[in-house]
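The next block is start-v4.pdb, given as PDB, C-alpha atoms and all ligand atoms.
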ATOM      1  CA  MET A 562       4.443 116.695  25.923
ATOM      2  CA  GLY A 563       5.760 115.961  22.455
ATOM      3  CA  GLY A 564       4.840 114.397  19.166
ATOM      4  CA  ALA A 565       3.464 110.979  18.276
ATOM      5  CA  PRO A 566       4.198 108.140  18.205
ATOM      6  CA  PHE A 567       4.612 108.024  21.972
ATOM      7  CA  PHE A 568       6.555 104.923  22.791
ATOM      8  CA  ARG A 569       8.357 102.717  25.202
ATOM      9  CA  GLU A 570       9.322  99.857  22.960
ATOM     10  CA  ALA A 571      12.630  98.144  22.223
ATOM     11  CA  ASP A 572      11.350  96.439  19.073
ATOM     12  CA  PRO A 573      10.944  98.230  15.746
ATOM     13  CA  LEU A 574       7.620  99.973  15.087
ATOM     14  CA  PRO A 575       5.863 100.557  11.747
ATOM     15  CA  VAL A 576       6.308 104.280  12.406
ATOM     16  CA  PRO A 577       9.410 105.233  14.390
ATOM     17  CA  GLY A 578       8.764 106.434  17.928
ATOM     18  CA  VAL A 579       9.172 110.162  18.607
ATOM     19  CA  THR A 580       8.409 110.823  22.263
ATOM     20  CA  PHE A 581       9.666 108.409  24.902
ATOM     21  CA  LEU A 582       7.182 107.479  27.608
ATOM     22  CA  ALA A 583       9.020 107.786  30.888
ATOM     23  CA  ASP A 584       7.447 106.778  34.218
ATOM     24  CA  LEU A 585       5.053 104.374  32.572
ATOM     25  CA  GLY A 586       2.061 103.413  34.714
ATOM     26  CA  ILE A 587      -1.076 101.472  33.888
ATOM     27  CA  THR A 588      -2.663 104.498  32.242
ATOM     28  CA  SER A 589      -1.233 107.391  30.251
ATOM     29  CA  TYR A 590      -3.223 110.415  29.093
ATOM     30  CA  PHE A 591      -2.849 112.397  25.886
ATOM     31  CA  ARG A 592      -4.581 115.483  24.643
ATOM     32  CA  THR A 593      -4.434 117.637  21.549
ATOM     33  CA  THR A 594      -6.649 119.835  19.409
ATOM     34  CA  ILE A 595      -7.713 119.756  15.791
ATOM     35  CA  HIS A 596      -9.165 122.590  13.768
ATOM     36  CA  VAL A 597     -12.316 121.889  11.762
ATOM     37  CA  PRO A 598     -13.193 124.418   9.051
ATOM     38  CA  ASP A 599     -16.687 125.689   8.412
ATOM     39  CA  ARG A 600     -17.701 122.892   6.051
ATOM     40  CA  PRO A 601     -19.975 119.910   6.664
ATOM     41  CA  VAL A 602     -17.930 116.904   7.748
ATOM     42  CA  SER A 603     -19.152 113.808   5.947
ATOM     43  CA  GLN A 604     -16.829 111.148   7.322
ATOM     44  CA  VAL A 605     -14.196 110.678  10.016
ATOM     45  CA  TRP A 606     -11.545 107.984   9.614
ATOM     46  CA  ILE A 607      -8.894 106.954  12.115
ATOM     47  CA  GLN A 608      -5.764 104.869  12.114
ATOM     48  CA  GLY A 609      -4.079 103.943  15.363
ATOM     49  CA  LEU A 610      -0.803 102.544  16.606
ATOM     50  CA  VAL A 611      -1.743 101.160  20.003
ATOM     51  CA  ASP A 612      -0.177  99.063  22.749
ATOM     52  CA  ASP A 613      -2.311  97.915  24.564
ATOM     53  CA  GLY A 614      -5.841  99.397  24.896
ATOM     54  CA  TRP A 615      -7.265 102.869  24.515
ATOM     55  CA  VAL A 616     -10.225 105.168  24.877
ATOM     56  CA  LEU A 617     -10.849 108.101  22.557
ATOM     57  CA  TYR A 618     -12.765 111.206  23.552
ATOM     58  CA  VAL A 619     -13.798 113.991  21.219
ATOM     59  CA  ASN A 620     -14.811 117.177  23.001
ATOM     60  CA  GLY A 621     -15.217 115.228  26.214
ATOM     61  CA  ARG A 622     -17.523 112.584  24.750
ATOM     62  CA  ARG A 623     -16.368 108.965  24.705
ATOM     63  CA  THR A 624     -16.164 108.047  21.051
ATOM     64  CA  LEU A 625     -14.319 104.731  20.974
ATOM     65  CA  ILE A 626     -13.008 102.106  23.369
ATOM     66  CA  SER A 627     -10.716  99.325  22.202
ATOM     67  CA  GLY A 628      -8.730  96.703  24.069
ATOM     68  CA  ILE A 629     -10.395  97.644  27.358
ATOM     69  CA  SER A 630     -13.522  96.195  28.908
ATOM     70  CA  SER A 631     -16.392  98.585  28.318
ATOM     71  CA  SER A 632     -18.396  97.097  31.188
ATOM     72  CA  LEU A 633     -15.921  97.896  33.979
ATOM     73  CA  PRO A 634     -15.593 101.350  35.535
ATOM     74  CA  LEU A 635     -12.998 103.309  33.645
ATOM     75  CA  ASN A 636     -10.249 104.625  35.873
ATOM     76  CA  SER A 637      -6.492 104.930  35.929
ATOM     77  CA  GLY A 638      -6.126 101.502  37.564
ATOM     78  CA  LEU A 639      -8.110  99.581  34.943
ATOM     79  CA  ARG A 640      -5.890  97.305  32.896
ATOM     80  CA  ALA A 641      -6.267  96.648  29.192
ATOM     81  CA  ASN A 642      -7.903  93.324  28.388
ATOM     82  CA  ARG A 643      -5.495  92.569  25.574
ATOM     83  CA  SER A 644      -1.729  92.447  25.391
ATOM     84  CA  ILE A 645      -0.093  93.831  22.273
ATOM     85  CA  ASP A 646       3.404  92.484  21.822
ATOM     86  CA  ASN A 647       4.455  94.970  19.161
ATOM     87  CA  ALA A 648       2.027  97.631  18.013
ATOM     88  CA  THR A 649       0.819  97.485  14.419
ATOM     89  CA  ILE A 650      -1.236 100.011  12.478
ATOM     90  CA  GLU A 651      -4.960  99.449  12.993
ATOM     91  CA  GLY A 652      -7.432 100.863  10.502
ATOM     92  CA  PRO A 653      -8.368 102.958   8.653
ATOM     93  CA  THR A 654     -11.689 102.663  10.428
ATOM     94  CA  GLN A 655     -14.639 104.963   9.961
ATOM     95  CA  ILE A 656     -16.046 106.307  13.217
ATOM     96  CA  GLN A 657     -19.102 108.357  14.006
ATOM     97  CA  VAL A 658     -18.317 111.695  15.647
ATOM     98  CA  PRO A 659     -21.580 113.596  15.874
ATOM     99  CA  ASN A 660     -20.261 116.314  18.164
ATOM    100  CA  LEU A 661     -17.524 117.954  16.121
ATOM    101  CA  VAL A 662     -17.713 121.727  16.071
ATOM    102  CA  VAL A 663     -16.370 124.344  13.723
ATOM    103  CA  GLY A 664     -13.069 125.596  15.071
ATOM    104  CA  THR A 665     -11.150 123.973  17.895
ATOM    105  CA  ASN A 666     -12.001 120.387  18.884
ATOM    106  CA  TRP A 667     -10.376 118.565  21.783
ATOM    107  CA  ILE A 668      -9.053 115.071  21.171
ATOM    108  CA  ALA A 669      -8.216 113.172  24.364
ATOM    109  CA  VAL A 670      -6.973 109.623  24.769
ATOM    110  CA  GLU A 671      -6.281 107.356  27.679
ATOM    111  CA  LEU A 672      -3.897 104.512  26.980
ATOM    112  CA  HIS A 673      -4.110 101.492  29.280
ATOM    113  CA  GLN A 674      -1.551  98.748  29.762
ATOM    114  CA  PHE A 675      -2.212  95.051  30.161
ATOM    115  CA  GLU A 676       0.512  94.646  32.732
ATOM    116  CA  VAL A 677       3.102  96.893  34.318
ATOM    117  CA  PRO A 678       5.935  97.207  34.811
ATOM    118  CA  ARG A 679       6.639  96.002  31.341
ATOM    119  CA  GLU A 680       8.771  97.707  28.790
ATOM    120  CA  ASP A 681       6.267  98.371  26.101
ATOM    121  CA  ALA A 682       3.593 100.962  25.451
ATOM    122  CA  VAL A 683       2.879 102.764  22.199
ATOM    123  CA  PHE A 684       0.355 105.282  21.036
ATOM    124  CA  ALA A 685      -0.240 107.297  17.876
ATOM    125  CA  LEU A 686      -3.473 108.383  16.230
ATOM    126  CA  GLN A 687      -4.166 109.715  12.762
ATOM    127  CA  MET A 688      -7.574 111.242  12.167
ATOM    128  CA  GLU A 689      -8.792 112.162   8.721
ATOM    129  CA  LEU A 690     -11.934 114.106   7.907
ATOM    130  CA  THR A 691     -13.720 114.212   4.587
ATOM    131  CA  TYR A 692     -15.976 117.133   3.892
ATOM    132  CA  GLY A 693     -19.490 117.388   2.590
ATOM    133  CA  SER A 694     -18.627 119.182  -0.596
ATOM    134  CA  ASP A 695     -17.732 115.716  -1.847
ATOM    135  CA  ILE A 696     -20.629 114.460  -3.951
ATOM    136  CA  PRO A 697     -22.050 111.359  -2.302
ATOM    137  CA  PRO A 698     -21.940 108.215  -4.433
ATOM    138  CA  VAL A 699     -25.155 107.168  -6.168
ATOM    139  CA  LEU A 700     -26.120 103.627  -7.087
ATOM    140  CA  GLY A 701     -28.623 102.874  -9.834
ATOM    141  CA  ASP A 702     -31.164 100.087  -9.563
ATOM    142  CA  PRO A 703     -29.305  96.776  -9.662
ATOM    143  CA  ILE A 704     -30.027  94.296 -12.427
ATOM    144  CA  LEU A 705     -30.244  90.825 -10.910
ATOM    145  CA  ASN A 706     -30.484  87.673 -12.980
ATOM    146  CA  ALA A 707     -31.851  84.380 -11.705
ATOM    147  CA  ASP A 708     -28.505  82.700 -12.383
ATOM    148  CA  GLY A 709     -26.807  85.061  -9.895
ATOM    149  CA  ARG A 710     -25.263  87.530 -12.327
ATOM    150  CA  CYS A 711     -25.693  91.107 -11.250
ATOM    151  CA  SER A 712     -24.760  94.570 -12.415
ATOM    152  CA  VAL A 713     -25.228  97.972 -10.891
ATOM    153  CA  VAL A 714     -24.190 101.453 -11.995
ATOM    154  CA  LEU A 715     -22.199 103.604  -9.588
ATOM    155  CA  GLY A 716     -21.998 107.351  -9.965
ATOM    156  CA  GLY A 717     -19.166 109.042  -8.109
ATOM    157  CA  GLN A 718     -16.149 111.290  -8.391
ATOM    158  CA  GLY A 719     -12.722 110.890  -9.894
ATOM    159  CA  MET A 720      -9.937 109.511  -7.694
ATOM    160  CA  ARG A 721     -12.357 108.365  -5.011
ATOM    161  CA  ARG A 722     -12.465 104.853  -3.569
ATOM    162  CA  TYR A 723     -15.819 103.284  -2.884
ATOM    163  CA  ASP A 724     -16.830 100.323  -0.807
ATOM    164  CA  ILE A 725     -19.946  98.588  -2.166
ATOM    165  CA  GLU A 726     -22.037  96.568   0.275
ATOM    166  CA  THR A 727     -25.101  94.398  -0.205
ATOM    167  CA  SER A 728     -28.026  93.435   1.956
ATOM    168  CA  THR A 729     -31.155  91.330   1.807
ATOM    169  CA  ASP A 730     -32.998  93.193   4.569
ATOM    170  CA  LEU A 731     -31.364  96.657   4.923
ATOM    171  CA  ILE A 732     -30.121  95.623   8.376
ATOM    172  CA  GLN A 733     -27.284  93.187   7.779
ATOM    173  CA  TRP A 734     -24.766  94.527   5.258
ATOM    174  CA  GLU A 735     -22.021  92.508   3.670
ATOM    175  CA  PRO A 736     -18.984  93.789   1.778
ATOM    176  CA  TRP A 737     -19.156  93.076  -1.936
ATOM    177  CA  THR A 738     -16.441  94.926  -3.778
ATOM    178  CA  GLN A 739     -14.260  98.010  -3.787
ATOM    179  CA  VAL A 740     -13.991 100.367  -6.729
ATOM    180  CA  VAL A 741     -11.392 103.022  -7.443
ATOM    181  CA  PHE A 742     -12.419 105.731  -9.881
ATOM    182  CA  ALA A 743      -9.812 107.117 -12.236
ATOM    183  CA  THR A 744      -9.293 110.849 -12.481
ATOM    184  CA  ASN A 745     -12.450 112.415 -13.931
ATOM    185  CA  GLU A 746     -14.300 109.104 -13.969
ATOM    186  CA  GLN A 747     -17.925 109.648 -12.981
ATOM    187  CA  VAL A 748     -19.828 106.484 -13.840
ATOM    188  CA  ARG A 749     -18.917 102.806 -13.670
ATOM    189  CA  ARG A 750     -20.959  99.683 -14.301
ATOM    190  CA  ILE A 751     -19.986  97.066 -11.718
ATOM    191  CA  GLU A 752     -20.660  93.445 -12.509
ATOM    192  CA  GLY A 753     -20.540  90.414 -10.291
ATOM    193  CA  ARG A 754     -22.078  87.123  -9.426
ATOM    194  CA  PHE A 755     -23.897  85.936  -6.327
ATOM    195  CA  ASP A 756     -25.216  82.646  -5.068
ATOM    196  CA  PRO A 757     -28.568  82.418  -6.905
ATOM    197  CA  GLY A 758     -30.186  81.246  -3.679
ATOM    198  CA  HIS A 759     -29.025  84.327  -1.793
ATOM    199  CA  LEU A 760     -29.392  87.248  -4.146
ATOM    200  CA  PRO A 761     -29.011  90.590  -2.390
ATOM    201  CA  ARG A 762     -31.850  93.058  -2.791
ATOM    202  CA  PHE A 763     -30.127  96.252  -1.700
ATOM    203  CA  PHE A 764     -26.826  97.897  -2.476
ATOM    204  CA  ARG A 765     -25.025 100.851  -0.954
ATOM    205  CA  ALA A 766     -21.773 102.675  -1.596
ATOM    206  CA  ARG A 767     -19.512 104.385   0.913
ATOM    207  CA  VAL A 768     -16.564 106.639   0.229
ATOM    208  CA  LEU A 769     -13.265 105.229   1.469
ATOM    209  CA  PRO A 770     -10.444 107.500   2.604
ATOM    210  CA  PRO A 771      -7.754 108.351   0.067
ATOM    211  CA  ARG A 772      -4.642 106.224   0.240
TER
HETATM  212 CA    CA B 801       7.031  94.968  22.385
HETATM  213 CA    CA B 802       2.092  97.094  26.824
END
Starting from the coordinates I provided, produce the structure as structure tokens.
Amino acid sequence: MGGAPFFREADPLPVPGVTFLADLGITSYFRTTIHVPDRPVSQVWIQGLVDDGWVLYVNGRRTLISGISSSLPLNSGLRANRSIDNATIEGPTQIQVPNLVVGTNWIAVELHQFEVPREDAVFALQMELTYGSDIPPVLGDPILNADGRCSVVLGGQGMRRYDIETSTDLIQWEPWTQVVFATNEQVRRIEGRFDPGHLPRFFRARVLPPR
């Protein structure tokens, strides 16, 4: 049908529209393929440009629903439950895609409108995969002081961004800090301070997508 962003929008977009959406109804459907090489995929990140709501399928499996009620039956007449005036870039967001395969993978999207006829609808999706040859980050045992000061050693790889989160129970995780390693940097001591009454007990690091 053409290239993204697909659009029907008179106002400026963060990424200029490429393919005009003629005959706009409540729901529009998009489909493409991506090629995944024979390497373990460690993370999948997406960024979207969406007006109004959308559903993402990977190889026929519903992977994400946003801006549409997930409790109503999904069909071409279902309206989005949010109205986007002018689409902005959402994400990057990490998603779980357990059913990727080596080779060709089908990416399908249905885009739903809040109300029609109305002269705006936009869709674009960027999907980024990181591969398992990346060394996963390692956190040493944190040093926690009664006054709330804390330090922890992070082992990682040069030019990677890491998101460090903390938890008191391994269930609820809270963002703590982000770290960007310089080229060839492998170890960093991260220091911070917490409320002494609510010291975290656990730390974890996640790789963030490159900017
Ligand atoms: Ca608009
Ligand atoms: Ca719209």
Starting from the shown file, work through the PyMOL selection byres (((not hetatm)) within 7 of (chain B and resi 801)) and note down what comes out as a list in words.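 Selected by the PyMOL selection byres (((not hetatm)) within 7 of (chain B and resi 801)) here: Glu570, Ala571, Asp572, Asp646, Asn647 and Asp681 of chain A.
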If you take every atom of segment 702-720 of chain A that the file lists and fit an axis-aligned box around them with 4 Å extra on each side, what centre and edge lengths come out in Å to one decimal, as JSON?
{"center_x": -20.9, "center_y": 97.0, "center_z": -10.3, "size_x": 29.9, "size_y": 36.6, "size_z": 13.3}
Closest-contact table, segment 573-598 of chain A side, partner segment 688-691 of chain A, 12 Å, counting all atoms listed in the file, as a tab-separated table:
residue	atom	partner	partner_atom	distance
A:Thr593	CA	A:Met688	CA	11.8
A:Thr594	CA	A:Met688	CA	11.3
A:Ile595	CA	A:Met688	CA	9.3
A:His596	CA	A:Leu690	CA	10.7
A:Val597	CA	A:Leu690	CA	8.7
A:Pro598	CA	A:Leu690	CA	10.5
Would you write out, as a Markdown table, a table of all residues in segment 592-698 of chain A that have an atom no more than 12 Å from an atom of segment 730-749 of chain A, listing for each the closest atom pair and the distance in Å to one decimal, considering all atoms listed in the file and ordering rows by chain and rising residue number?
| residue | atom | partner | partner_atom | distance |
| --- | --- | --- | --- | --- |
| A:Ile696 | CA | A:Gln747 | CA | 10.6 |
| A:Pro697 | CA | A:Gln747 | CA | 11.6 |
| A:Pro698 | CA | A:Gln747 | CA | 9.6 |
Cut-off 12 Å around (-3.3, 107.6, 11.1) with all atoms listed in the file: residues as number ranges by chain: A: 565-566, 575-576, 605-611, 649-655, 684-690, 770-772
Which residues would end up in the selection if the PyMOL selection byres (((not hetatm)) within 12 of (chain B and resi 802)) were applied here, given that I need the answer as an MDAnalysis selection string? chainID A and resid 568:571 582 585:589 610:615 628 640:648 672:684
Would you mind putting back N, CA and C atoms on segment 699-713 of chain A, then writing it out as a compact mmCIF listing (two decimals), in the coordinates of the input?
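File produced: out_27.txt:
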# COMPACT_ATOMS: atom_id res chain seq x y z
N VAL A 699 -23.78 107.55 -5.85
CA VAL A 699 -25.16 107.17 -6.17
C VAL A 699 -25.13 105.82 -6.87
N LEU A 700 -26.00 104.93 -6.44
CA LEU A 700 -26.12 103.63 -7.09
C LEU A 700 -27.45 103.56 -7.83
N GLY A 701 -27.39 103.11 -9.09
CA GLY A 701 -28.62 102.87 -9.83
C GLY A 701 -29.29 101.59 -9.37
N ASP A 702 -30.47 101.34 -9.90
CA ASP A 702 -31.16 100.09 -9.56
C ASP A 702 -30.34 98.90 -10.06
N PRO A 703 -30.09 97.93 -9.21
CA PRO A 703 -29.30 96.78 -9.66
C PRO A 703 -30.11 95.90 -10.61
N ILE A 704 -29.40 95.29 -11.54
CA ILE A 704 -30.03 94.30 -12.43
C ILE A 704 -29.58 92.93 -11.93
N LEU A 705 -30.55 92.14 -11.48
CA LEU A 705 -30.24 90.82 -10.91
C LEU A 705 -30.85 89.75 -11.80
N ASN A 706 -30.01 88.79 -12.17
CA ASN A 706 -30.48 87.67 -12.98
C ASN A 706 -30.64 86.44 -12.11
N ALA A 707 -31.56 85.56 -12.51
CA ALA A 707 -31.85 84.38 -11.70
C ALA A 707 -30.64 83.48 -11.55
N ASP A 708 -29.70 83.57 -12.50
CA ASP A 708 -28.50 82.70 -12.38
C ASP A 708 -27.44 83.32 -11.47
N GLY A 709 -27.73 84.48 -10.86
CA GLY A 709 -26.81 85.06 -9.90
C GLY A 709 -25.99 86.21 -10.44
N ARG A 710 -26.02 86.40 -11.77
CA ARG A 710 -25.26 87.53 -12.33
C ARG A 710 -25.95 88.83 -11.96
N CYS A 711 -25.15 89.84 -11.74
CA CYS A 711 -25.69 91.11 -11.25
C CYS A 711 -24.87 92.25 -11.82
N SER A 712 -25.52 93.36 -12.08
CA SER A 712 -24.76 94.57 -12.42
C SER A 712 -25.48 95.78 -11.82
N VAL A 713 -24.67 96.76 -11.48
CA VAL A 713 -25.23 97.97 -10.89
C VAL A 713 -24.34 99.14 -11.33
